[in-house]
Amino acid sequence: MADPVALPEPDRVPGAPHPRETTQILGHHDAVHGFLDAFNSGRLHHAWLISGPKGVGKATLAWSIARFLLATPPVEDDGLFGAPPPPESLEIAPEHPVARRMSALSEPGLCLVRRGPNDKGDKLASEIRVGEVRRLKDFFNLSSSDGGRRVVIVDCADELNPNAANAILKLLEEPPEQSYFLLIAHQPSRLLPTIRSRCRTLRLHPLGIDDMRVALNASGADMSDADILALNGLTSGSVGEAIRLHTLDGTSLYADVLNILSGLPNLDHPRLLTLANSCAGRGNEERLDLLLTLTDQICARLARRGVCGTDLDEEVLPGEAQTFAKLAPNAHFGRKWASLAQKTSDRARHARSVNVDPAAIITDLFLGLQTGFTE
């Protein structure tokens, strides 16, 4: 099951353990109990769509379910003593042989479908192609002799291209015996309706601040409580996104964007130039993309603040509410920010897609926001 080339794992968040290495499920009790109820009732569906915002623990749940299915024997009546009590959790001991093999990606009862190498083999493909799904034919043929359960994890199903999606659909329509499919989806509406209709859905929701704190501390990242509160506000309870932002110093980047916008209708050009240069050059692509995302986020929050006429429930950074009140004092400015968010974001992302100089993209973005704000 090991990747054929030494490429980054497409389903791993930089700076965080891979979901197969995470055994604690935080904040998703309803989803866990929904699956266990189906398992204990003897009516376990063959396909499960695990959906929810990116980074809230969908992959961790999928790997936990897979580990549970492959390590838990079928429930059988044990003569005079009756059947064992039904399991109440998905927990499998880390030293269990199945857990060890899954951690090493060597478990024969599991197949992971994810993005593979591109045609040159030097980068990851941008989507899951049909060749990755066709591997399942060999997986089911080679692993059918012992009659045990077979589990397929698709991470993530949003990335299936049309041919790959149709190949998965055929398997869902006529699943091999004792096979179970776990499809992870950030945006299930992008999947074929026929795929969705053949799956039972486990919907996950953003984590609360207490679970978020536990998850971020467990990730090994060195964060203060103020960092955690800020990251929770920026990511709406997504642990994976919070770890990514922490790795890229996203809180400081958010503060830089907010500080520049706080000067409107004037712009601090030296500060803007420093920010633009910090996202230029090889190796800063992720920082550029994050800056565009955070700017979109601020504009959207300004639009809501102006239109709804209410202050922020919680500040990401101290003084943020005061800045928002200045920039979006009423519905007129709220609508202005909504229009600006769409127009400037589209322009910046188009420039990004055609490889315009990053410093020029950022400068043009903030000049566009300044012009729109003062009109």
# chains A, B, ... in the order shown; residues from 1 in each chain; ligands from 1
>>> select_by_dssp(residues="segment 252-335 of chain A", states="alpha helix (DSSP H)", output="PyMOL selection string")
chain A and resi 252-262+269-278+285-308+320-327+331-335
>>> closest_atom_pairs(of="segment 156-215 of chain A", to="segment 7-24 of chain A", cutoff="12 Å", atoms="only C-alpha atoms", output="JSON lines")
{"residue": "A:Cys156", "atom": "CA", "partner": "A:Asp11", "partner_atom": "CA", "distance": 8.0}
{"residue": "A:Ala157", "atom": "CA", "partner": "A:Asp11", "partner_atom": "CA", "distance": 11.7}
{"residue": "A:Glu159", "atom": "CA", "partner": "A:Pro10", "partner_atom": "CA", "distance": 10.9}
{"residue": "A:Ile184", "atom": "CA", "partner": "A:Asp11", "partner_atom": "CA", "distance": 10.7}
{"residue": "A:Asp211", "atom": "CA", "partner": "A:Gln24", "partner_atom": "CA", "distance": 10.9}
{"residue": "A:Val214", "atom": "CA", "partner": "A:Gln24", "partner_atom": "CA", "distance": 10.1}
{"residue": "A:Ala215", "atom": "CA", "partner": "A:Gln24", "partner_atom": "CA", "distance": 8.7}
>>> residues_around(residues="Pro97 of chain A", least_positions_apart="5", cutoff="12 Å", atoms="only C-alpha atoms", output="list of chain:residue names")
A:Arg67, A:Phe68, A:Leu70, A:Ala71, A:Thr72, A:Ile92, A:Met102, A:Ser103, A:Ala104, A:Ser106, A:Glu107, A:Pro108
>>> residues_around(residues="Leu172 of chain A", least_positions_apart="2", cutoff="10 Å", atoms="only C-alpha atoms", output="PDB file with C-alpha atoms, in the first residue's frame")
ATOM      1  CA  HIS A  46     -21.960  -1.113   3.107  1.00  0.00           C
ATOM      2  CA  ALA A  47     -21.209   2.551   2.260  1.00  0.00           C
ATOM      3  CA  ASN A 166     -18.293   6.407 -12.096  1.00  0.00           C
ATOM      4  CA  ALA A 167     -15.922   3.551 -11.232  1.00  0.00           C
ATOM      5  CA  ILE A 168     -16.679   4.010  -7.503  1.00  0.00           C
ATOM      6  CA  LEU A 169     -20.398   4.143  -8.278  1.00  0.00           C
ATOM      7  CA  LYS A 170     -20.272   0.731  -9.959  1.00  0.00           C
ATOM      8  CA  GLU A 174     -22.704  -4.091  -6.616  1.00  0.00           C
ATOM      9  CA  PRO A 175     -20.385  -4.198  -3.600  1.00  0.00           C
ATOM     10  CA  PRO A 176     -18.280  -7.304  -3.023  1.00  0.00           C
ATOM     11  CA  SER A 179     -16.883  -4.904   1.838  1.00  0.00           C
ATOM     12  CA  TYR A 180     -17.365  -1.476   3.386  1.00  0.00           C
ATOM     13  CA  PHE A 181     -16.732   1.903   1.802  1.00  0.00           C
ATOM     14  CA  THR A 194     -26.286   8.406  -7.313  1.00  0.00           C
ATOM     15  CA  ILE A 195     -23.190   8.069  -5.102  1.00  0.00           C
ATOM     16  CA  SER A 197     -28.004   7.940  -2.553  1.00  0.00           C
ATOM     17  CA  ARG A 198     -26.070   4.690  -2.007  1.00  0.00           C
ATOM     18  CA  CYS A 199     -24.382   5.898   1.170  1.00  0.00           C
TER      19      CYS A 199
END
>>> select_by_dssp(residues="segment 31-108 of chain A", states="strand (DSSP E)", output="PyMOL selection string")
chain A and resi 47-51
>>> atom_distance(atom1="atom CA of Gln342 of chain A", atom2="atom CA of Pro318 of chain A")
26.9 Å
>>> residues_around(residues="Arg349 of chain A", least_positions_apart="5", cutoff="9 Å", atoms="only C-alpha atoms", output="number ranges by chain")
A: 289, 292, 344, 354, 361
